[in-house]
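Chemist: Contents are compact mmCIF, C-alpha atoms; file name input-v2.txt:
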# COMPACT_ATOMS: atom_id res chain seq x y z
CA MET A 9 98.43 298.58 -0.21
CA SER A 10 99.70 302.09 0.56
CA GLN A 11 100.70 304.44 -2.25
CA LYS A 12 104.43 304.55 -2.96
CA LYS A 13 106.35 307.82 -2.88
CA ALA A 14 109.43 309.06 -4.70
CA LEU A 15 111.38 312.23 -3.90
CA ILE A 16 113.28 313.79 -6.81
CA VAL A 17 115.92 316.31 -5.73
CA ASP A 18 117.47 318.35 -8.54
CA ASP A 19 117.89 322.07 -9.18
CA SER A 20 117.05 321.50 -12.84
CA THR A 21 113.31 321.66 -13.48
CA VAL A 22 113.66 319.77 -16.74
CA THR A 23 115.49 316.87 -15.10
CA ARG A 24 112.85 316.65 -12.38
CA LEU A 25 110.18 316.65 -15.10
CA MET A 26 111.95 313.92 -17.03
CA ILE A 27 112.43 311.65 -14.00
CA ARG A 28 108.83 312.30 -12.90
CA LYS A 29 107.54 311.23 -16.32
CA ILE A 30 109.80 308.15 -16.43
CA ILE A 31 108.45 306.97 -13.05
CA LEU A 32 104.79 307.79 -13.71
CA ASP A 33 104.77 306.14 -17.15
CA LYS A 34 105.72 302.87 -15.44
CA PHE A 35 104.06 303.39 -12.05
CA PRO A 36 101.09 305.74 -12.52
CA ASN A 37 99.98 305.39 -8.91
CA TRP A 38 103.17 306.64 -7.31
CA GLU A 39 103.17 309.99 -5.54
CA ILE A 40 106.05 312.15 -6.78
CA LEU A 41 107.59 314.76 -4.50
CA GLU A 42 110.12 317.29 -5.78
CA ALA A 43 112.77 319.53 -4.22
CA ASP A 44 115.27 321.89 -5.89
CA SER A 45 117.96 321.75 -3.19
CA ALA A 46 119.20 319.50 -0.40
CA ASP A 47 117.76 321.87 2.20
CA ALA A 48 114.34 321.83 0.53
CA ALA A 49 114.57 318.03 0.40
CA LYS A 50 115.20 317.83 4.14
CA THR A 51 112.07 319.87 4.80
CA MET A 52 110.14 317.60 2.44
CA VAL A 53 111.39 314.49 4.23
CA ALA A 54 110.41 315.94 7.61
CA ASN A 55 106.86 316.46 6.34
CA HIS A 56 106.40 313.09 4.62
CA GLU A 57 106.81 309.67 6.11
CA ASP A 58 107.86 306.51 4.33
CA ILE A 59 109.43 307.69 1.11
CA ASP A 60 110.21 304.64 -1.06
CA PHE A 61 112.71 306.04 -3.55
CA PHE A 62 115.13 308.98 -3.65
CA SER A 63 116.74 310.45 -6.76
CA LEU A 64 119.43 312.98 -5.82
CA ASP A 65 121.40 315.40 -7.99
CA GLN A 66 125.02 315.99 -6.88
CA ASN A 67 125.67 319.70 -7.57
CA MET A 68 122.92 321.97 -6.31
CA PRO A 69 122.79 325.50 -4.93
CA GLY A 70 123.32 325.61 -1.16
CA GLU A 71 125.74 324.12 1.33
CA LEU A 72 124.87 320.44 0.87
CA SER A 73 125.60 318.26 -2.14
CA GLY A 74 123.59 315.23 -3.18
CA LEU A 75 126.14 312.96 -1.51
CA ASP A 76 125.94 314.95 1.75
CA LEU A 77 122.18 314.57 1.65
CA ALA A 78 122.46 310.84 0.88
CA GLU A 79 124.68 310.33 3.91
CA ASP A 80 122.13 312.07 6.08
CA LEU A 81 119.19 310.14 4.60
CA LYS A 82 120.90 306.78 5.10
CA LYS A 83 120.68 307.29 8.87
CA SER A 84 116.90 306.94 8.83
CA TYR A 85 116.32 305.30 5.42
CA LYS A 86 118.80 302.40 5.68
CA ASN A 87 116.98 300.05 3.29
CA THR A 88 115.43 302.58 0.94
CA LYS A 89 116.71 302.85 -2.62
CA ILE A 90 118.70 306.04 -3.18
CA ILE A 91 120.31 306.95 -6.50
CA LEU A 92 122.73 309.77 -7.27
CA VAL A 93 121.89 311.20 -10.70
CA THR A 94 124.76 313.36 -11.87
CA ALA A 95 126.77 314.58 -14.85
CA ASN A 96 129.94 314.49 -12.74
CA ILE A 97 131.43 311.08 -13.44
CA GLN A 98 134.73 311.52 -11.59
CA ASP A 99 135.92 308.45 -9.69
CA ALA A 100 135.93 310.35 -6.37
CA ILE A 101 132.17 310.92 -6.67
CA LYS A 102 131.47 307.32 -7.73
CA ASN A 103 133.58 305.93 -4.91
CA ARG A 104 131.89 308.07 -2.27
CA ALA A 105 128.46 307.02 -3.58
CA LYS A 106 129.54 303.39 -3.29
CA SER A 107 130.86 303.85 0.24
CA ILE A 108 127.56 305.42 1.33
CA GLY A 109 125.70 302.51 -0.25
CA ILE A 110 123.81 304.28 -3.00
CA ASP A 111 123.71 303.72 -6.77
CA PHE A 112 125.21 306.04 -9.36
CA VAL A 113 123.32 307.09 -12.51
CA GLU A 114 125.01 309.19 -15.17
CA LYS A 115 123.08 312.04 -16.79
CA PRO A 116 121.37 312.40 -19.25
CA VAL A 117 118.52 310.42 -17.70
CA SER A 118 116.50 307.88 -19.66
CA PRO A 119 113.97 305.17 -18.73
CA GLU A 120 116.71 302.54 -19.30
CA LYS A 121 118.91 304.17 -16.66
CA ILE A 122 116.25 304.99 -14.04
CA LEU A 123 113.72 302.14 -14.10
CA PRO A 124 116.06 299.26 -13.12
CA HIS A 125 116.51 301.00 -9.77
CA LEU A 126 112.75 300.98 -9.13
CA ASP A 127 112.08 297.28 -9.69
CA MET B 5 152.64 336.78 -25.68
CA LYS B 6 153.48 333.47 -24.01
CA SER B 7 153.40 330.39 -26.19
CA LEU B 8 153.18 326.60 -26.11
CA SER B 9 155.67 324.28 -27.77
CA PRO B 10 154.34 322.04 -30.58
CA LEU B 11 154.55 319.03 -28.23
CA GLU B 12 152.62 320.84 -25.49
CA LYS B 13 149.99 321.89 -28.00
CA ASP B 14 149.68 318.35 -29.40
CA SER B 15 149.25 316.83 -25.96
CA LEU B 16 146.44 319.25 -25.12
CA CYS B 17 144.73 318.68 -28.47
CA GLU B 18 144.80 314.94 -27.87
CA LEU B 19 143.36 315.36 -24.40
CA PHE B 20 140.44 317.46 -25.63
CA ASN B 21 139.92 315.12 -28.59
CA ILE B 22 139.45 312.14 -26.28
CA SER B 23 137.21 314.06 -23.89
CA LEU B 24 135.01 315.38 -26.66
CA GLY B 25 134.19 311.93 -28.00
CA GLY B 26 132.33 311.13 -24.78
CA ALA B 27 130.63 314.51 -24.72
CA ALA B 28 129.39 314.16 -28.29
CA LYS B 29 127.92 310.75 -27.48
CA LEU B 30 126.02 312.20 -24.51
CA MET B 31 124.70 315.09 -26.56
CA GLY B 32 123.54 312.60 -29.19
CA GLU B 33 121.69 310.65 -26.48
CA MET B 34 119.96 313.79 -25.27
CA ILE B 35 118.69 314.97 -28.60
CA SER B 36 118.58 311.67 -30.53
CA ASP B 37 120.73 312.92 -33.34
CA GLU B 38 124.22 312.48 -34.62
CA ILE B 39 126.74 315.09 -33.58
CA LEU B 40 129.60 315.97 -35.85
CA LEU B 41 132.58 317.52 -34.06
CA THR B 42 135.53 319.20 -35.65
CA VAL B 43 139.03 318.34 -34.51
CA PRO B 44 139.80 320.73 -31.66
CA SER B 45 141.76 323.76 -32.63
CA LEU B 46 143.84 325.18 -29.82
CA GLN B 47 144.79 328.80 -29.74
CA LEU B 48 146.46 330.82 -27.06
CA ILE B 49 145.07 334.29 -27.47
CA THR B 50 144.46 337.51 -25.62
CA ALA B 51 141.05 338.70 -24.50
CA ASP B 52 141.05 341.27 -27.30
CA GLU B 53 141.70 338.61 -29.93
CA ALA B 54 138.99 336.37 -28.49
CA LYS B 55 136.44 339.15 -28.85
CA LYS B 56 136.93 339.31 -32.61
CA ILE B 57 136.35 335.69 -33.56
CA GLU B 58 134.69 335.38 -36.93
CA HIS B 59 131.04 334.19 -36.99
CA LEU B 60 130.67 335.11 -33.30
CA TYR B 61 131.59 338.77 -33.00
CA ASN B 62 128.48 340.86 -32.31
CA GLN B 63 126.21 337.80 -32.54
CA ASP B 64 123.38 337.11 -30.10
CA VAL B 65 124.32 333.96 -28.23
CA CYS B 66 123.31 331.81 -25.28
CA THR B 67 126.10 330.47 -23.15
CA ILE B 68 126.34 328.11 -20.22
CA GLU B 69 129.36 328.67 -18.00
CA GLN B 70 130.72 326.00 -15.71
CA LYS B 71 133.38 327.28 -13.36
CA PHE B 72 135.88 324.77 -11.99
CA VAL B 73 138.61 324.64 -9.39
CA GLY B 74 141.21 322.02 -8.57
CA GLY B 75 144.61 320.67 -9.53
CA ILE B 76 144.10 321.60 -13.16
CA GLY B 77 143.81 325.27 -12.09
CA ASP B 78 140.85 327.58 -11.72
CA GLY B 79 138.95 328.38 -14.86
CA SER B 80 135.75 328.32 -16.83
CA ALA B 81 134.29 326.13 -19.51
CA PHE B 82 131.65 327.50 -21.82
CA LEU B 83 129.14 325.85 -24.12
CA LEU B 84 127.85 328.41 -26.57
CA PHE B 85 125.03 328.44 -29.10
CA HIS B 86 123.78 331.07 -31.47
CA LYS B 87 120.57 332.41 -29.93
CA SER B 88 118.56 331.43 -32.98
CA ALA B 89 119.43 327.74 -32.43
CA SER B 90 118.62 327.50 -28.75
CA LEU B 91 114.87 326.86 -28.95
CA GLU B 92 115.37 324.17 -31.58
CA ILE B 93 117.89 322.39 -29.34
CA VAL B 94 115.50 322.53 -26.36
CA ARG B 95 112.68 321.10 -28.51
CA MET B 96 114.92 318.22 -29.55
CA MET B 97 115.97 317.54 -25.98
CA MET B 98 112.55 317.69 -24.34
CA LYS B 99 110.76 315.51 -26.93
CA ASP B 100 107.53 314.33 -25.34
CA TYR B 101 108.49 315.32 -21.80
CA ILE B 102 106.68 318.62 -22.19
CA ALA B 103 104.26 320.12 -24.71
CA LEU B 104 105.82 322.15 -27.53
CA ASN B 105 104.10 325.34 -26.40
CA GLU B 106 105.81 325.03 -23.02
CA VAL B 107 109.30 324.80 -24.45
CA SER B 108 110.20 328.48 -24.23
CA GLN B 109 109.60 328.67 -20.49
CA PHE B 110 112.03 325.80 -19.97
CA GLU B 111 114.64 327.14 -22.39
CA LYS B 112 117.07 328.52 -19.81
CA ASP B 113 116.79 325.49 -17.53
CA ALA B 114 117.07 322.97 -20.37
CA LEU B 115 120.12 324.66 -21.89
CA SER B 116 121.76 324.90 -18.47
CA GLU B 117 121.24 321.17 -18.02
CA ILE B 118 122.69 320.42 -21.46
CA GLY B 119 125.71 322.56 -20.53
CA ASN B 120 126.01 320.80 -17.18
CA ILE B 121 126.04 317.37 -18.81
CA ILE B 122 128.38 318.19 -21.70
CA LEU B 123 130.89 320.29 -19.78
CA ASN B 124 130.99 317.90 -16.83
CA ALA B 125 131.65 315.01 -19.20
CA ILE B 126 134.63 316.85 -20.66
CA LEU B 127 135.95 318.00 -17.28
CA SER B 128 135.56 314.51 -15.79
CA ASN B 129 137.60 313.11 -18.65
CA LEU B 130 140.22 315.81 -18.22
CA ALA B 131 140.46 314.88 -14.53
CA LYS B 132 140.79 311.21 -15.35
CA LEU B 133 143.47 311.69 -17.99
CA SER B 134 145.52 314.16 -15.96
CA ASN B 135 144.96 312.55 -12.53
CA TYR B 136 143.84 315.92 -11.20
CA ASN B 137 140.75 316.35 -9.07
CA ILE B 138 138.38 318.95 -10.52
CA GLU B 139 135.45 320.41 -8.63
CA THR B 140 132.72 321.92 -10.76
CA GLN B 141 130.22 324.54 -9.72
CA VAL B 142 126.53 324.81 -10.59
CA PRO B 143 126.26 325.95 -14.25
CA GLU B 144 125.15 329.50 -15.02
CA PHE B 145 123.19 330.59 -18.08
CA PHE B 146 123.74 333.91 -19.86
CA THR B 147 122.40 335.45 -23.02
CA GLY B 148 123.54 338.52 -24.93
CA LYS B 149 126.27 339.61 -27.34
CA TYR B 150 129.12 337.08 -27.64
CA GLN B 151 131.97 339.46 -26.89
CA ASP B 152 130.28 340.74 -23.73
CA LEU B 153 129.49 337.30 -22.33
CA ILE B 154 132.61 335.26 -22.92
CA ILE B 155 135.30 337.79 -22.27
CA GLN B 156 133.86 339.74 -19.38
CA ARG B 157 133.17 336.56 -17.41
CA SER B 158 136.52 334.87 -17.90
CA PRO B 159 139.57 335.03 -15.61
CA GLN B 160 142.29 337.23 -17.06
CA LYS B 161 145.04 337.08 -14.46
CA ASP B 162 147.83 337.18 -17.02
CA ASN B 163 145.80 338.43 -19.94
CA SER B 164 146.21 335.20 -21.89
CA ILE B 165 143.46 332.75 -22.66
CA LEU B 166 143.51 329.21 -23.91
CA LEU B 167 140.77 328.93 -26.40
CA VAL B 168 139.97 325.35 -27.25
CA PHE B 169 137.83 326.18 -30.19
CA ILE B 170 135.63 323.31 -31.20
CA ASP B 171 132.55 323.56 -33.23
CA TYR B 172 129.99 320.83 -33.52
CA LYS B 173 127.11 320.41 -35.89
CA LEU B 174 123.92 318.42 -35.59
CA LYS B 175 123.51 316.13 -38.56
CA GLY B 176 120.80 317.31 -40.92
CA LYS B 177 120.23 320.53 -38.95
CA ASP B 178 121.59 323.98 -39.43
CA ILE B 179 122.70 324.26 -35.82
CA LYS B 180 126.25 324.97 -34.75
CA GLY B 181 127.65 325.32 -31.28
CA TYR B 182 130.99 326.02 -29.69
CA ILE B 183 132.91 324.90 -26.62
CA PHE B 184 135.50 327.13 -24.97
CA PHE B 185 137.92 326.45 -22.17
CA ILE B 186 139.51 329.39 -20.48
CA LEU B 187 142.42 328.87 -18.11
CA ASN B 188 145.37 331.06 -17.25
CA PHE B 189 148.66 330.39 -18.97
CA ASP B 190 150.47 328.77 -16.03
CA SER B 191 147.66 326.23 -15.58
CA ILE B 192 147.69 325.44 -19.29
CA LYS B 193 151.45 324.94 -19.31
CA ASN B 194 151.28 322.75 -16.20
CA LEU B 195 148.48 320.60 -17.65
CA SER B 196 150.44 319.99 -20.84
CA ARG B 197 153.55 319.01 -18.80
CA VAL B 198 151.51 316.46 -16.82
CA LEU B 199 150.09 315.00 -20.02
CA ILE B 200 153.47 314.73 -21.70
CA GLU B 201 154.87 312.93 -18.63
CA LYS B 202 151.95 310.48 -18.76
CA LEU B 203 152.49 309.85 -22.46
CA LYS B 204 156.13 308.99 -21.78
CA GLN B 205 155.25 306.33 -19.19
As a first step, turn the structure in this file into structure tokens.
Modeler:
Amino acid sequence: MSQKKALIVDDSTVTRLMIRKIILDKFPNWEILEADSADAAKTMVANHEDIDFFSLDQNMPGELSGLDLAEDLKKSYKNTKIILVTANIQDAIKNRAKSIGIDFVEKPVSPEKILPHLD
Amino acid sequence: MKSLSPLEKDSLCELFNISLGGAAKLMGEMISDEILLTVPSLQLITADEAKKIEHLYNQDVCTIEQKFVGGIGDGSAFLLFHKSASLEIVRMMMKDYIALNEVSQFEKDALSEIGNIILNAILSNLAKLSNYNIETQVPEFFTGKYQDLIIQRSPQKDNSILLVFIDYKLKGKDIKGYIFFILNFDSIKNLSRVLIEKLKQ
């Protein structure tokens, strides 16, 4: 069985660290990729095939938001689990996430909030 | 100096009171401790008055600024800690995610993330209660003397500042922090009008 991969996109190092630890504590064999912006994530995706899980922050430096990136990713990762992890809980953000077909996770992150999306 | 009527002031206090409940809960989740918040105290003051606030004037502080734009008006929200408390807060937040000797290198990033979560929670609630859309920017971290950080970075179009002065305390710890909202007077007045109309419905 091939090794599973997760890509964590967040400009906060501590949030990436926390999500990384949450995933690896449960799934020690997963490969964890990290990016600090949507642009960096796109480069990462171009260089890695078959990513199994995406965790995207909403507000990051650069032109693209997490939701913009999610929309783009959905074109080639139709059935892959994508979550938007954000402190911005406004209905407009939640509704757009829903319309794209991704799940919404409210910061602060915790194993209880992240792990159900990996099972 | 422009002023708010008692009804306008009450409506804004209520709005911040409701929003802060959610923010305190999130902060408690992050650091596994109970957060005690004072009832918000609203003051409309000038930049000069804001500089001289007791317990903050000339103190070394860390602050996280979240700028926002939208129907509510353009402004800034600040979460502010005394510098001496910042490392302790980061230790509490990071728990076993990183080793204790690594904490200092993550201080700026961890505090920025705390600010992002707390201030966004408050702004999201403000948006919900007022029916205004609010767009927030990526939080910025600053450290230095209080009067230099807060005042120099705030909008001062009409030289009046709404200071929603809230202090919170972590139970059992000698750590205090402050939350400020700075908006120009017309935005403040408009927000209170919207809230009063909603309360009448």
Chemist: With a distance threshold of 8 Å and counting all atoms listed in the file, extract the residues of chain A near chain B and express them as a CSV table (one decimal) with C-alpha atoms, in the frame of the given file.
Modeler:
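Okay, this is what ended up in result-v8.csv:
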chain,number,residue,atom,x,y,z
A,20,SER,CA,117.0,321.5,-12.8
A,21,THR,CA,113.3,321.7,-13.5
A,22,VAL,CA,113.7,319.8,-16.7
A,23,THR,CA,115.5,316.9,-15.1
A,25,LEU,CA,110.2,316.6,-15.1
A,26,MET,CA,112.0,313.9,-17.0
A,29,LYS,CA,107.5,311.2,-16.3
A,67,ASN,CA,125.7,319.7,-7.6
A,68,MET,CA,122.9,322.0,-6.3
A,69,PRO,CA,122.8,325.5,-4.9
A,95,ALA,CA,126.8,314.6,-14.8
A,96,ASN,CA,129.9,314.5,-12.7
A,97,ILE,CA,131.4,311.1,-13.4
A,98,GLN,CA,134.7,311.5,-11.6
A,99,ASP,CA,135.9,308.4,-9.7
A,115,LYS,CA,123.1,312.0,-16.8
A,116,PRO,CA,121.4,312.4,-19.2
Chemist: Expressed in Å to a single decimal, how great is the separation between atom CA of B:His86 and atom CA of B:Ala28?
Modeler: 18.1 Å
Chemist: Would you compute the distance between atom CA of A:Asp65 and atom CA of B:Lys87? Give it in Å to one decimal.
Modeler: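 Between atom CA of A:Asp65 and atom CA of B:Lys87 the gap works out to 27.8 Å.
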Chemist: Which residue out of B:Asp14, B:Tyr136, B:Tyr182, B:Lys193 has the minimum interatomic distance to B:Gly75 when all atoms listed in the file are used?
Modeler: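 Comparing B:Asp14, B:Tyr136, B:Tyr182, B:Lys193 against B:Gly75, the winner is B:Tyr136.
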Chemist: For B:Ser23, which residue among B:Leu8, B:Ala89, B:Val65, B:Ile170 is the nearest when counting only C-alpha atoms?
Modeler: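 Looking at the shortest contact to B:Ser23, the residue is B:Ile170.
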Chemist: Please list as JSON, numbers by chain every residue within 10 Å of A:Gly109, counting all atoms listed in the file and excluding residues in the same chain fewer than 3 positions away.
Modeler: {"A": [78, 79, 82, 86, 87, 89, 90, 91, 103, 104, 105, 106, 112]}
Chemist: Distance cut-off 10 Å, centre (141.5, 310.7, -23.9) in file coordinates, counting only C-alpha atoms: which residues qualify? Return them as a list in words.
Modeler: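 The requested residues, written out, are Leu16, Cys17, Glu18, Leu19, Phe20, Asn21, Ile22, Ser23, Leu24, Gly25, Gly26, Ile126, Asn129, Leu130, Lys132, Leu133 and Ser134 of chain B.
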Chemist: For the atom pair atom CA of A:Leu123 and atom CA of A:Asn55, what is the interatomic distance in Å to one decimal place?
Modeler: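 Straight-line distance from atom CA of A:Leu123 to atom CA of A:Asn55 works out to 25.9 Å.
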Chemist: Quick one: axis-aligned box around all listed atoms of stretch 12-31 of chain B, 8 Å on every side, centre and edge lengths in Å to one decimal, written as JSON.
Modeler:
{"center_x": 138.7, "center_y": 316.3, "center_z": -26.6, "size_x": 43.9, "size_y": 27.1, "size_z": 21.5}
Chemist: With only C-alpha atoms as the atoms that count, which of B:Leu153, B:Leu83, B:Leu187, B:Leu199 lies nearest to B:Asp64?
Modeler: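 Nearest to B:Asp64: B:Leu153.
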Chemist: Pull out stretch 173-191 of chain B, keep N, CA, C and O atoms, and write it as a tab-separated table (two decimals), in the first residue's frame.
Modeler:
chain	number	residue	atom	x	y	z
B	173	LYS	N	-8.22	38.22	32.25
B	173	LYS	CA	-7.23	37.67	33.18
B	173	LYS	C	-7.31	36.16	33.11
B	173	LYS	O	-8.41	35.60	33.03
B	174	LEU	N	-6.18	35.51	33.10
B	174	LEU	CA	-6.18	34.05	33.12
B	174	LEU	C	-6.26	33.60	34.58
B	174	LEU	O	-5.49	34.04	35.41
B	175	LYS	N	-7.22	32.71	34.83
B	175	LYS	CA	-7.45	32.27	36.21
B	175	LYS	C	-6.18	31.64	36.80
B	175	LYS	O	-5.57	30.76	36.17
B	176	GLY	N	-5.82	32.08	37.97
B	176	GLY	CA	-4.67	31.49	38.65
B	176	GLY	C	-3.33	31.97	38.14
B	176	GLY	O	-2.28	31.52	38.57
B	177	LYS	N	-3.34	32.88	37.15
B	177	LYS	CA	-2.07	33.38	36.60
B	177	LYS	C	-2.05	34.90	36.67
B	177	LYS	O	-3.10	35.54	36.56
B	178	ASP	N	-0.89	35.44	36.80
B	178	ASP	CA	-0.78	36.89	36.85
B	178	ASP	C	-0.55	37.44	35.44
B	178	ASP	O	0.47	38.02	35.14
B	179	ILE	N	-1.51	37.16	34.57
B	179	ILE	CA	-1.38	37.60	33.18
B	179	ILE	C	-2.62	38.40	32.80
B	179	ILE	O	-3.74	37.91	32.92
B	180	LYS	N	-2.40	39.61	32.35
B	180	LYS	CA	-3.54	40.41	31.90
B	180	LYS	C	-3.32	40.78	30.44
B	180	LYS	O	-2.19	40.89	29.98
B	181	GLY	N	-4.41	40.95	29.74
B	181	GLY	CA	-4.30	41.37	28.35
B	181	GLY	C	-5.42	42.34	28.04
B	181	GLY	O	-6.36	42.50	28.82
B	182	TYR	N	-5.33	42.98	26.91
B	182	TYR	CA	-6.30	44.02	26.55
B	182	TYR	C	-6.71	43.87	25.09
B	182	TYR	O	-5.94	43.42	24.26
B	183	ILE	N	-7.95	44.26	24.81
B	183	ILE	CA	-8.43	44.26	23.43
B	183	ILE	C	-8.91	45.67	23.10
B	183	ILE	O	-9.67	46.26	23.87
B	184	PHE	N	-8.46	46.19	21.99
B	184	PHE	CA	-8.86	47.53	21.56
B	184	PHE	C	-9.52	47.46	20.19
B	184	PHE	O	-9.09	46.68	19.34
B	185	PHE	N	-10.52	48.26	20.00
B	185	PHE	CA	-11.08	48.45	18.66
B	185	PHE	C	-10.99	49.92	18.30
B	185	PHE	O	-11.44	50.77	19.07
B	186	ILE	N	-10.43	50.19	17.17
B	186	ILE	CA	-10.28	51.58	16.77
B	186	ILE	C	-10.97	51.80	15.43
B	186	ILE	O	-10.63	51.18	14.43
B	187	LEU	N	-11.97	52.64	15.47
B	187	LEU	CA	-12.76	52.98	14.28
B	187	LEU	C	-12.95	54.49	14.29
B	187	LEU	O	-12.90	55.11	15.34
B	188	ASN	N	-13.22	55.06	13.12
B	188	ASN	CA	-13.48	56.51	13.17
B	188	ASN	C	-14.91	56.78	13.66
B	188	ASN	O	-15.75	55.88	13.68
B	189	PHE	N	-15.15	57.98	14.05
B	189	PHE	CA	-16.40	58.32	14.73
B	189	PHE	C	-17.64	58.01	13.89
B	189	PHE	O	-18.63	57.47	14.40
B	190	ASP	N	-17.60	58.35	12.61
B	190	ASP	CA	-18.79	58.13	11.77
B	190	ASP	C	-19.15	56.64	11.70
B	190	ASP	O	-20.33	56.28	11.70
B	191	SER	N	-18.14	55.79	11.62
B	191	SER	CA	-18.39	54.34	11.58
B	191	SER	C	-19.00	53.85	12.89
B	191	SER	O	-19.89	53.00	12.90
